[in-house]
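Text of final17.txt (compact mmCIF, C-alpha atoms) as supplied:
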# COMPACT_ATOMS: atom_id res chain seq x y z
CA MET I 1 0.00 0.00 0.00
CA LYS I 2 2.83 2.37 0.99
CA ALA I 3 4.63 1.51 -2.20
CA LYS I 4 1.61 2.58 -4.27
CA LEU I 5 1.10 5.93 -2.45
CA LEU I 6 4.66 7.23 -2.60
CA PRO I 7 4.65 8.17 -6.34
CA LEU I 8 1.30 9.89 -5.96
CA ILE I 9 2.47 11.94 -2.97
CA SER I 10 5.63 12.95 -4.88
CA LEU I 11 3.59 14.11 -7.84
CA LEU I 12 1.31 16.24 -5.65
CA LEU I 13 4.32 17.88 -4.01
CA VAL I 14 5.79 18.80 -7.40
CA VAL I 15 2.50 20.34 -8.57
CA ALA I 16 2.14 22.32 -5.35
CA PHE I 17 5.68 23.65 -5.73
CA VAL I 18 5.08 24.72 -9.33
CA LEU I 19 1.81 26.49 -8.46
CA ALA I 20 3.45 28.32 -5.61
CA ALA I 21 6.24 29.49 -7.91
CA CYS I 22 3.66 30.90 -10.40
CA GLN I 23 1.96 33.21 -7.88
CA PRO I 24 3.03 36.90 -8.17
CA ALA I 25 5.39 38.03 -5.47
CA ALA I 26 3.80 40.17 -2.80
CA THR I 27 4.81 43.81 -2.84
CA PRO I 28 6.08 44.83 0.56
CA THR I 29 4.54 48.00 1.97
CA ALA I 30 5.88 50.12 4.75
CA ALA I 31 3.70 52.18 7.03
CA PRO I 32 3.95 55.83 5.94
CA THR I 33 5.53 58.23 8.39
CA GLN I 34 3.08 61.04 7.24
CA PRO I 35 -0.26 61.10 5.42
CA ALA I 36 -0.03 60.19 1.79
CA GLN I 37 -0.28 63.17 -0.67
CA GLU I 38 -3.08 62.96 -3.21
CA GLN I 39 -1.52 62.98 -6.65
CA PRO I 40 -3.01 65.56 -9.10
CA THR I 41 -4.85 64.19 -12.06
CA GLN I 42 -2.87 64.83 -15.25
CA PRO I 43 -4.99 66.21 -18.10
CA ALA I 44 -5.25 64.05 -21.11
CA GLN I 45 -2.79 65.11 -23.78
CA GLU I 46 -4.60 66.28 -26.96
CA GLN I 47 -3.31 64.74 -30.08
CA PRO I 48 -1.98 67.42 -32.51
CA THR I 49 -4.36 67.95 -35.44
CA GLN I 50 -3.17 68.51 -38.95
CA PRO I 51 -4.31 71.85 -40.50
CA VAL I 52 -7.02 71.38 -43.08
CA ALA I 53 -5.55 72.03 -46.49
CA ALA I 54 -7.15 74.94 -48.35
CA GLU I 55 -9.29 73.82 -51.23
CA GLU I 56 -7.57 74.05 -54.60
CA VAL I 57 -9.27 76.66 -56.78
CA THR I 58 -8.65 77.65 -60.39
CA LEU I 59 -9.81 81.06 -61.57
CA SER I 60 -10.16 82.00 -65.20
CA PHE I 61 -9.29 85.67 -65.78
CA TRP I 62 -9.95 87.53 -69.04
CA GLU I 63 -8.60 90.99 -69.89
CA GLN I 64 -8.28 93.30 -72.90
CA GLU I 65 -5.23 95.43 -72.05
CA GLY I 66 -2.56 96.49 -74.56
CA ASP I 67 0.44 94.33 -75.32
CA GLU I 68 2.75 96.68 -73.41
CA VAL I 69 1.39 95.50 -70.04
CA ASP I 70 1.25 91.74 -70.68
CA VAL I 71 4.46 90.99 -68.80
CA PHE I 72 3.49 93.25 -65.92
CA ILE I 73 0.11 91.59 -65.45
CA ASP I 74 1.73 88.14 -65.55
CA GLN I 75 4.16 89.28 -62.83
CA LEU I 76 1.24 90.32 -60.65
CA LEU I 77 -0.48 86.97 -61.19
CA ALA I 78 2.68 85.08 -60.29
CA GLU I 79 3.06 87.06 -57.07
CA PHE I 80 -0.56 86.49 -56.13
CA MET I 81 -0.33 82.73 -56.74
CA ALA I 82 2.91 82.51 -54.74
CA ALA I 83 1.15 84.13 -51.79
CA ASN I 84 -1.95 81.96 -52.31
CA PRO I 85 -0.64 78.54 -53.39
CA ASN I 86 -4.10 76.99 -53.39
CA ILE I 87 -5.36 79.47 -56.02
CA LYS I 88 -4.36 79.18 -59.66
CA VAL I 89 -5.18 82.04 -62.03
CA GLU I 90 -5.27 81.43 -65.77
CA ARG I 91 -5.17 84.59 -67.89
CA THR I 92 -6.64 84.94 -71.39
CA HIS I 93 -6.28 88.07 -73.52
CA TYR I 94 -8.98 89.29 -75.90
CA GLU I 95 -9.46 92.38 -77.97
CA ASN I 96 -12.04 94.75 -76.54
CA GLU I 97 -15.18 93.85 -78.52
CA ALA I 98 -14.28 90.16 -78.65
CA LEU I 99 -14.02 90.00 -74.86
CA ARG I 100 -17.45 91.54 -74.41
CA ASP I 101 -19.08 89.19 -76.91
CA GLN I 102 -17.28 86.08 -75.69
CA PHE I 103 -18.07 86.79 -72.03
CA GLN I 104 -21.75 87.36 -72.74
CA THR I 105 -21.99 84.14 -74.73
CA ALA I 106 -20.08 82.10 -72.15
CA ALA I 107 -22.03 83.57 -69.23
CA LEU I 108 -25.39 82.76 -70.77
CA ALA I 109 -24.13 79.17 -71.16
CA ASN I 110 -22.96 79.18 -67.50
CA ALA I 111 -19.37 78.71 -68.67
CA ALA I 112 -17.91 82.19 -68.17
CA PRO I 113 -14.57 83.05 -66.59
CA GLU I 114 -14.81 83.99 -62.93
CA VAL I 115 -13.23 87.44 -63.38
CA VAL I 116 -12.85 89.95 -66.21
CA ARG I 117 -11.03 93.30 -66.28
CA VAL I 118 -12.84 95.63 -68.67
CA PRO I 119 -13.78 99.26 -69.46
CA ASN I 120 -16.60 100.78 -67.44
CA ASP I 121 -19.19 100.71 -70.22
CA PHE I 122 -19.28 96.90 -70.13
CA ALA I 123 -21.25 97.28 -66.90
CA GLY I 124 -24.28 98.36 -68.94
CA PRO I 125 -24.89 95.25 -71.06
CA PHE I 126 -23.50 92.85 -68.43
CA SER I 127 -25.84 94.12 -65.73
CA LYS I 128 -28.86 94.16 -68.04
CA LEU I 129 -28.17 90.52 -68.93
CA ASP I 130 -27.79 89.73 -65.21
CA ILE I 131 -24.47 87.95 -65.74
CA VAL I 132 -22.24 89.82 -63.29
CA ALA I 133 -22.38 90.03 -59.51
CA PRO I 134 -23.19 93.27 -57.68
CA VAL I 135 -20.07 94.45 -55.88
CA ASP I 136 -21.87 94.71 -52.55
CA GLN I 137 -22.31 90.93 -52.58
CA LEU I 138 -18.53 90.54 -52.61
CA PHE I 139 -17.04 93.51 -50.72
CA ASP I 140 -18.05 95.62 -47.74
CA GLN I 141 -18.17 99.40 -47.53
CA ALA I 142 -14.85 99.59 -45.68
CA PHE I 143 -13.15 98.08 -48.74
CA LEU I 144 -14.91 100.49 -51.12
CA ASP I 145 -14.05 103.54 -49.02
CA GLN I 146 -10.42 103.40 -50.21
CA PHE I 147 -11.50 104.46 -53.72
CA PHE I 148 -12.45 107.88 -55.07
CA PRO I 149 -16.23 108.10 -55.38
CA GLY I 150 -15.66 109.36 -58.91
CA ALA I 151 -13.70 106.21 -59.70
CA LEU I 152 -16.62 104.00 -58.67
CA GLU I 153 -19.34 106.07 -60.36
CA PRO I 154 -18.52 104.95 -63.93
CA ALA I 155 -19.30 101.31 -63.05
CA MET I 156 -22.71 102.06 -61.58
CA VAL I 157 -25.90 101.21 -63.44
CA GLY I 158 -29.35 101.56 -61.93
CA GLY I 159 -27.83 102.67 -58.63
CA THR I 160 -25.81 99.45 -58.26
CA LEU I 161 -22.02 99.14 -58.46
CA TRP I 162 -20.83 96.38 -60.81
CA GLY I 163 -17.03 96.73 -60.88
CA VAL I 164 -13.95 97.59 -58.83
CA PRO I 165 -11.28 99.84 -60.42
CA ASP I 166 -7.52 99.46 -60.26
CA ASN I 167 -6.86 102.80 -61.97
CA TYR I 168 -8.73 105.99 -62.79
CA GLY I 169 -8.59 108.47 -65.65
CA ASN I 170 -9.38 108.42 -69.37
CA HIS I 171 -10.12 112.09 -68.87
CA LEU I 172 -9.54 115.29 -70.81
CA MET I 173 -7.30 118.17 -69.72
CA LEU I 174 -5.69 121.35 -71.02
CA LEU I 175 -2.30 120.77 -72.60
CA TYR I 176 -0.15 123.79 -73.40
CA ASN I 177 3.19 124.59 -74.98
CA LYS I 178 5.30 126.57 -72.52
CA ASP I 179 7.25 128.14 -75.38
CA LEU I 180 4.03 129.81 -76.54
CA ILE I 181 2.23 130.40 -73.23
CA ALA I 182 4.14 130.28 -69.96
CA GLU I 183 1.20 129.66 -67.62
CA PRO I 184 -2.21 128.09 -68.18
CA PRO I 185 -5.15 130.52 -68.13
CA ALA I 186 -7.06 130.61 -64.85
CA THR I 187 -10.49 131.01 -66.49
CA PHE I 188 -11.98 130.14 -69.85
CA GLU I 189 -12.58 133.82 -70.47
CA GLU I 190 -8.83 134.33 -70.14
CA LEU I 191 -8.22 131.34 -72.41
CA ILE I 192 -10.35 132.98 -75.11
CA GLU I 193 -8.36 136.20 -74.93
CA LYS I 194 -5.00 134.43 -74.95
CA ALA I 195 -6.05 132.23 -77.86
CA LYS I 196 -7.01 135.26 -79.94
CA GLU I 197 -3.68 136.94 -79.16
CA LEU I 198 -1.66 133.85 -80.03
CA THR I 199 -3.45 132.94 -83.26
CA LYS I 200 -1.27 134.43 -85.96
CA GLY I 201 0.68 133.12 -88.93
CA ASP I 202 0.88 129.34 -88.68
CA ILE I 203 0.26 129.34 -84.91
CA GLN I 204 -3.17 128.42 -83.56
CA GLY I 205 -3.95 129.66 -80.07
CA PHE I 206 -6.38 126.90 -79.12
CA ALA I 207 -7.70 123.72 -80.76
CA TYR I 208 -9.68 120.64 -79.86
CA ASN I 209 -11.86 117.96 -81.45
CA LEU I 210 -14.80 120.25 -82.29
CA ASN I 211 -17.48 117.78 -83.39
CA GLU I 212 -16.88 114.96 -80.93
CA PRO I 213 -19.44 114.70 -78.06
CA PHE I 214 -16.83 113.29 -75.67
CA TRP I 215 -15.07 116.67 -75.80
CA GLY I 216 -18.44 118.40 -75.56
CA ALA I 217 -19.36 116.67 -72.30
CA GLY I 218 -17.07 118.94 -70.29
CA PHE I 219 -18.74 122.04 -71.73
CA TYR I 220 -22.23 120.59 -71.21
CA GLY I 221 -21.29 119.82 -67.61
CA ALA I 222 -20.05 123.37 -67.05
CA PHE I 223 -23.50 124.65 -68.03
CA GLY I 224 -25.14 122.32 -65.51
CA GLY I 225 -26.16 119.46 -67.77
CA TRP I 226 -25.31 115.79 -68.23
CA PRO I 227 -26.33 113.37 -70.99
CA LEU I 228 -28.21 110.96 -68.66
CA ASP I 229 -30.35 111.83 -65.66
CA GLU I 230 -30.43 109.93 -62.36
CA ASN I 231 -32.71 107.34 -63.98
CA ASP I 232 -30.34 106.81 -66.92
CA LYS I 233 -32.65 108.61 -69.35
CA PRO I 234 -31.12 110.89 -72.03
CA GLN I 235 -31.62 114.61 -71.40
CA PHE I 236 -30.94 117.05 -74.24
CA ASN I 237 -33.96 119.26 -74.75
CA ASN I 238 -33.07 121.66 -71.95
CA GLU I 239 -31.51 125.06 -71.34
CA ALA I 240 -28.12 123.66 -70.33
CA PHE I 241 -27.68 121.77 -73.61
CA ILE I 242 -28.83 124.75 -75.68
CA ASN I 243 -26.42 127.08 -73.85
CA TYR I 244 -23.57 124.63 -74.31
CA LEU I 245 -24.21 124.46 -78.05
CA LYS I 246 -24.34 128.25 -78.29
CA PHE I 247 -21.06 128.53 -76.40
CA VAL I 248 -19.02 126.13 -78.53
CA LYS I 249 -20.45 127.68 -81.71
CA SER I 250 -19.30 131.08 -80.47
CA LEU I 251 -15.74 129.79 -80.12
CA LYS I 252 -15.75 128.98 -83.81
CA ASP I 253 -17.48 132.22 -84.81
CA GLN I 254 -14.92 134.31 -82.90
CA GLY I 255 -11.95 132.50 -84.42
CA VAL I 256 -10.86 131.10 -81.05
CA VAL I 257 -10.67 127.63 -82.62
CA PRO I 258 -10.00 126.59 -86.23
CA GLN I 259 -12.99 126.56 -88.55
CA GLU I 260 -12.58 122.82 -88.97
CA CYS I 261 -10.63 120.65 -86.56
CA ASP I 262 -10.88 116.99 -85.55
CA TYR I 263 -8.66 114.88 -83.31
CA ASN I 264 -5.83 114.56 -85.81
CA CYS I 265 -5.91 118.28 -86.49
CA ALA I 266 -5.39 119.29 -82.85
CA ASP I 267 -2.92 116.47 -82.19
CA THR I 268 -0.71 117.32 -85.18
CA LEU I 269 -0.72 121.07 -84.49
CA PHE I 270 0.39 120.49 -80.92
CA LYS I 271 3.11 117.98 -81.70
CA GLU I 272 4.53 120.32 -84.33
CA GLY I 273 4.60 123.24 -81.92
CA LYS I 274 1.91 125.10 -83.85
CA ALA I 275 -0.84 125.08 -81.21
CA ALA I 276 -0.42 126.91 -77.92
CA MET I 277 -3.23 125.01 -76.16
CA ILE I 278 -5.36 121.95 -76.89
CA ILE I 279 -7.75 119.69 -75.03
CA ASN I 280 -6.79 116.02 -75.07
CA GLY I 281 -6.80 112.96 -72.85
CA ASP I 282 -4.39 111.26 -70.47
CA TRP I 283 -3.69 108.58 -73.09
CA SER I 284 -1.85 111.21 -75.18
CA LEU I 285 0.65 112.34 -72.55
CA GLY I 286 3.41 109.88 -73.47
CA ASP I 287 3.54 111.03 -77.08
CA TYR I 288 3.48 114.70 -76.09
CA VAL I 289 6.35 114.24 -73.64
CA LYS I 290 8.37 112.76 -76.50
CA ALA I 291 7.41 115.58 -78.87
CA LEU I 292 7.70 118.57 -76.51
CA GLY I 293 9.76 117.43 -73.54
CA ASP I 294 9.98 120.13 -70.87
CA LYS I 295 7.83 122.44 -73.00
CA LEU I 296 4.73 120.40 -72.14
CA GLY I 297 2.37 121.84 -69.55
CA VAL I 298 -0.70 120.11 -68.12
CA ALA I 299 -3.61 121.68 -66.25
CA PRO I 300 -7.36 121.36 -65.84
CA VAL I 301 -9.45 122.95 -68.57
CA PRO I 302 -10.27 126.29 -66.90
CA PRO I 303 -13.75 126.97 -65.51
CA ILE I 304 -16.47 128.56 -67.66
CA ASN I 305 -18.38 131.32 -65.90
CA GLY I 306 -17.00 129.99 -62.64
CA LYS I 307 -18.20 126.41 -63.31
CA PRO I 308 -15.73 123.57 -63.89
CA TYR I 309 -15.28 121.95 -67.26
CA THR I 310 -16.72 118.58 -66.15
CA GLU I 311 -15.01 116.01 -68.33
CA MET I 312 -16.01 112.36 -68.27
CA THR I 313 -13.86 109.92 -66.32
CA SER I 314 -13.53 106.14 -66.17
CA GLY I 315 -10.99 103.39 -65.62
CA LYS I 316 -10.54 99.64 -65.82
CA TYR I 317 -12.84 97.50 -63.67
CA PHE I 318 -12.77 93.99 -62.27
CA MET I 319 -16.19 92.39 -62.77
CA VAL I 320 -17.24 88.98 -61.49
CA PHE I 321 -19.38 86.32 -63.15
CA LYS I 322 -22.59 85.97 -61.17
CA GLY I 323 -22.23 82.17 -60.87
CA VAL I 324 -19.29 82.69 -58.50
CA LEU I 325 -21.75 83.67 -55.75
CA ASP I 326 -22.98 80.05 -55.61
CA ASP I 327 -19.50 78.61 -54.98
CA PRO I 328 -18.05 79.64 -51.57
CA ALA I 329 -14.52 78.51 -52.39
CA LYS I 330 -14.41 80.40 -55.68
CA LYS I 331 -16.09 83.43 -54.14
CA ASP I 332 -13.40 83.57 -51.44
CA ALA I 333 -10.66 83.17 -54.05
CA VAL I 334 -12.14 85.91 -56.25
CA VAL I 335 -12.35 88.33 -53.32
CA LYS I 336 -8.70 87.67 -52.45
CA PHE I 337 -7.66 88.09 -56.09
CA ILE I 338 -9.45 91.40 -56.66
CA THR I 339 -8.33 92.72 -53.27
CA PHE I 340 -4.73 92.07 -54.31
CA MET I 341 -5.06 93.42 -57.85
CA THR I 342 -6.68 96.68 -56.68
CA SER I 343 -4.47 97.16 -53.62
CA ALA I 344 -2.56 100.37 -52.95
CA ASP I 345 0.77 98.59 -53.55
CA VAL I 346 -0.29 97.32 -56.97
CA GLN I 347 -1.78 100.68 -57.95
CA LYS I 348 1.49 102.38 -57.06
CA ARG I 349 3.30 99.99 -59.39
CA TRP I 350 0.90 100.89 -62.22
CA LEU I 351 1.79 104.50 -61.49
CA GLU I 352 5.54 103.85 -61.43
CA GLU I 353 5.71 101.72 -64.56
CA PHE I 354 2.93 103.13 -66.77
CA LYS I 355 1.94 106.46 -65.14
CA ARG I 356 -1.63 105.20 -64.69
CA LEU I 357 -3.38 107.39 -62.14
CA PRO I 358 -4.78 105.51 -59.14
CA SER I 359 -8.34 104.98 -57.99
CA ASN I 360 -7.02 104.71 -54.44
CA LYS I 361 -7.27 107.98 -52.50
CA GLU I 362 -4.03 107.48 -50.56
CA VAL I 363 -1.92 106.58 -53.58
CA ALA I 364 -3.09 109.84 -55.19
CA LYS I 365 -1.06 111.67 -52.52
CA ASP I 366 2.15 109.87 -53.46
CA PRO I 367 5.18 112.06 -54.35
CA LEU I 368 5.31 110.27 -57.69
CA ILE I 369 2.24 112.38 -58.52
CA THR I 370 2.63 115.48 -56.41
CA ASN I 371 6.27 116.05 -57.45
CA ASP I 372 5.61 115.45 -61.16
CA PRO I 373 4.14 118.55 -62.86
CA ILE I 374 2.52 116.50 -65.63
CA LEU I 375 0.92 113.90 -63.36
CA ALA I 376 -0.06 116.56 -60.81
CA GLY I 377 -1.77 118.55 -63.56
CA SER I 378 -3.54 115.46 -64.81
CA MET I 379 -4.69 114.55 -61.30
CA ALA I 380 -6.00 118.09 -60.79
CA ALA I 381 -8.03 117.81 -64.00
CA LEU I 382 -9.35 114.43 -62.91
CA SER I 383 -10.76 115.97 -59.73
CA ASN I 384 -13.17 118.02 -61.89
CA GLY I 385 -14.47 114.97 -63.71
CA ARG I 386 -17.63 112.98 -63.46
CA GLY I 387 -18.04 109.30 -64.17
CA MET I 388 -18.92 108.34 -67.71
CA PRO I 389 -22.37 106.69 -67.62
CA ALA I 390 -22.23 102.95 -68.23
CA ALA I 391 -25.94 102.39 -68.79
CA PRO I 392 -26.92 101.06 -72.26
CA GLU I 393 -28.91 104.27 -72.76
CA MET I 394 -25.61 106.13 -73.08
CA ARG I 395 -25.12 104.64 -76.55
CA CYS I 396 -28.41 106.21 -77.57
CA ALA I 397 -27.22 109.50 -76.11
CA TRP I 398 -23.95 109.45 -78.06
CA ASP I 399 -25.72 108.64 -81.32
CA ALA I 400 -28.24 111.45 -80.85
CA TRP I 401 -25.69 113.99 -79.63
CA ARG I 402 -23.25 113.84 -82.54
CA PRO I 403 -25.51 115.02 -85.39
CA ALA I 404 -26.94 117.77 -83.15
CA LEU I 405 -23.45 119.11 -82.43
CA GLU I 406 -22.31 118.77 -86.04
CA GLY I 407 -25.38 120.63 -87.31
CA VAL I 408 -24.87 123.56 -84.95
CA MET I 409 -21.15 123.83 -85.68
CA ALA I 410 -21.84 123.73 -89.43
CA GLY I 411 -24.54 126.39 -89.07
CA THR I 412 -27.24 124.20 -90.60
CA THR I 413 -29.46 124.11 -87.49
CA THR I 414 -30.07 126.22 -84.41
CA PRO I 415 -29.12 125.08 -80.91
CA GLU I 416 -32.81 124.98 -79.98
CA ASP I 417 -33.77 122.78 -82.92
CA ALA I 418 -30.71 120.60 -82.40
CA ALA I 419 -31.63 120.03 -78.74
CA ALA I 420 -35.18 119.00 -79.64
CA ALA I 421 -33.97 116.70 -82.42
CA ALA I 422 -31.38 115.06 -80.15
CA GLN I 423 -34.00 114.37 -77.50
CA LYS I 424 -36.38 112.82 -80.00
CA SER I 425 -33.67 110.63 -81.51
CA ALA I 426 -32.39 109.48 -78.11
CA ASP I 427 -35.89 108.65 -76.85
CA GLU I 428 -36.66 106.62 -79.95
CA CYS I 429 -33.42 104.69 -79.51
CA VAL I 430 -34.12 103.99 -75.84
CA ALA I 431 -37.54 102.62 -76.74
CA THR I 432 -35.82 99.91 -78.79
CA LEU I 433 -33.81 98.80 -75.74
CA GLN I 434 -36.86 97.75 -73.76
If you took the structure in this file and wrote it as structure tokens, what would it be?
Amino acid sequence: MKAKLLPLISLLLVVAFVLAACQPAATPTAAPTQPAQEQPTQPAQEQPTQPVAAEEVTLSFWEQEGDEVDVFIDQLLAEFMAANPNIKVERTHYENEALRDQFQTAALANAAPEVVRVPNDFAGPFSKLDIVAPVDQLFDQAFLDQFFPGALEPAMVGGTLWGVPDNYGNHLMLLYNKDLIAEPPATFEELIEKAKELTKGDIQGFAYNLNEPFWGAGFYGAFGGWPLDENDKPQFNNEAFINYLKFVKSLKDQGVVPQECDYNCADTLFKEGKAAMIINGDWSLGDYVKALGDKLGVAPVPPINGKPYTEMTSGKYFMVFKGVLDDPAKKDAVVKFITFMTSADVQKRWLEEFKRLPSNKEVAKDPLITNDPILAGSMAALSNGRGMPAAPEMRCAWDAWRPALEGVMAGTTTPEDAAAAAQKSADECVATLQ
């Protein structure tokens, strides 16, 4: 019996030993000599989050500038894209009329570029077709306050602003040859007297584009008129228009201006040193600097009977395809793009490289303008201007105005009859726009 139990007892002892060895060792604890301190709870460590990558956006940008600024515009686009790596801007150049037609066609097919840079008068047809976004749906008043009110006015139709300008001008001014007249006349009455004195031999005292309504707008404005009223309706059959026509006819009758003179006439006389004073636009300054050098003087056209010669002004405007408003990412990208392209820094570069006057009120105070007699004179003339109407009715006004002016200057109709005829013609044209 003992012999049979011994192996079993040995086996049980081995198992007990193994089980005892597998138990975890007890951790000895000593009685604390002072109360245990409660350990502060450590806050959970937040895992660092990766910044959300900005959505990639491509903007199509169409413009109709001259070839001389192609490289400059591309430099601006490159700088903008470097600062905004998630936004790509693709530029396409069109000639003026082609851009307008192509944009209208593409917009009506919902395939237009997001941004165009165009003359102010594009606001008329674009707004009537409802294919561009009102500026107040993109920018706040604080942004718009940096611009001259007169720079914004040319892009307004029906009381709504449709474009943001990056420069301002396209205005007329008095240009004079300092070899023939040392100082510009302070009043138009003085201009008339000086012109009569200077007109002798092959020298003409004063010349301008006599039969062109654009030159007539400043005179019409001085007599208190304007081609469109606050409702964008043509207004010609009034005392102001009649008095303006009488005034410009008197300049011809008195021999103050040549009997016949168009743009080329005045331009050639001045470049050849045979005109003491002319009226021409800011676009002509480069050629006149080359022709006359330090002899060139620039000033506002002097006031008539104490009222400023109110020439028309405009600029180049960024307009936005209306469909952008439905795409938050593209809308944000467009706002950033236009903010950059119309910024004070960019406008100063336009001024430095191309002598384009700014739409920004602060840049207008820059020494590049104030210390330059030509640019300062041009800026002074610009301050007398008024925005060229962009409403489609303005085309009717131009077409009615020209024959009225030509008839009076030729002596084939009276100012009164011309005013009535212009009103009738303009009204009939407007009726076809409805």
For the point (3.9, 113.2, -59.9) in file coordinates, what residues are within 10 Å, counting all atoms listed in the file? Give the answer as a PyMOL selection string?
chain I and resi 351-352+355+357+364-379
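Among the candidate residues I:Ala186, I:Ile73, I:Ile279, I:Leu144, the one lying nearest to Asn209 in chain I is I:Ile279, with distances computed using only C-alpha atoms.
Residues lying at most 10 Å from (-14.6, 123.8, -65.5) in file coordinates, with all atoms listed in the file considered, are Thr187, Phe188, Gly218, Phe219, Gly221, Ala222, Phe223, Pro300, Val301, Pro302, Pro303, Ile304, Asn305, Gly306, Lys307, Pro308, Tyr309, Thr310, Glu311, Ala381, Asn384 and Gly385 of chain I.
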For the residues in that selection, give me C-alpha atoms as a PDB file, in the coordinates of the input.
ATOM      1  CA  THR I 187     -10.490 131.010 -66.490  1.00  0.00           C
ATOM      2  CA  PHE I 188     -11.980 130.140 -69.850  1.00  0.00           C
ATOM      3  CA  GLY I 218     -17.070 118.940 -70.290  1.00  0.00           C
ATOM      4  CA  PHE I 219     -18.740 122.040 -71.730  1.00  0.00           C
ATOM      5  CA  GLY I 221     -21.290 119.820 -67.610  1.00  0.00           C
ATOM      6  CA  ALA I 222     -20.050 123.370 -67.050  1.00  0.00           C
ATOM      7  CA  PHE I 223     -23.500 124.650 -68.030  1.00  0.00           C
ATOM      8  CA  PRO I 300      -7.360 121.360 -65.840  1.00  0.00           C
ATOM      9  CA  VAL I 301      -9.450 122.950 -68.570  1.00  0.00           C
ATOM     10  CA  PRO I 302     -10.270 126.290 -66.900  1.00  0.00           C
ATOM     11  CA  PRO I 303     -13.750 126.970 -65.510  1.00  0.00           C
ATOM     12  CA  ILE I 304     -16.470 128.560 -67.660  1.00  0.00           C
ATOM     13  CA  ASN I 305     -18.380 131.320 -65.900  1.00  0.00           C
ATOM     14  CA  GLY I 306     -17.000 129.990 -62.640  1.00  0.00           C
ATOM     15  CA  LYS I 307     -18.200 126.410 -63.310  1.00  0.00           C
ATOM     16  CA  PRO I 308     -15.730 123.570 -63.890  1.00  0.00           C
ATOM     17  CA  TYR I 309     -15.280 121.950 -67.260  1.00  0.00           C
ATOM     18  CA  THR I 310     -16.720 118.580 -66.150  1.00  0.00           C
ATOM     19  CA  GLU I 311     -15.010 116.010 -68.330  1.00  0.00           C
ATOM     20  CA  ALA I 381      -8.030 117.810 -64.000  1.00  0.00           C
ATOM     21  CA  ASN I 384     -13.170 118.020 -61.890  1.00  0.00           C
ATOM     22  CA  GLY I 385     -14.470 114.970 -63.710  1.00  0.00           C
TER      23      GLY I 385
END
Shell of 8 Å around range 325-329 of chain I, all atoms listed in the file, local chain residues under 3 positions omitted, as a ChimeraX atom specification:
/I:55,57,133,137,322,332-333
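Residue neighbourhood of Phe80 in chain I, excluding near-sequence residues (fewer than 3 positions): I:Asp74, I:Gln75, I:Leu76, I:Leu77, I:Ala83, I:Asn84, I:Pro85, I:Ile87, I:Lys88, I:Val89, I:Lys336, I:Phe337, I:Phe340, I:Met341, at 10 Å, using only C-alpha atoms.
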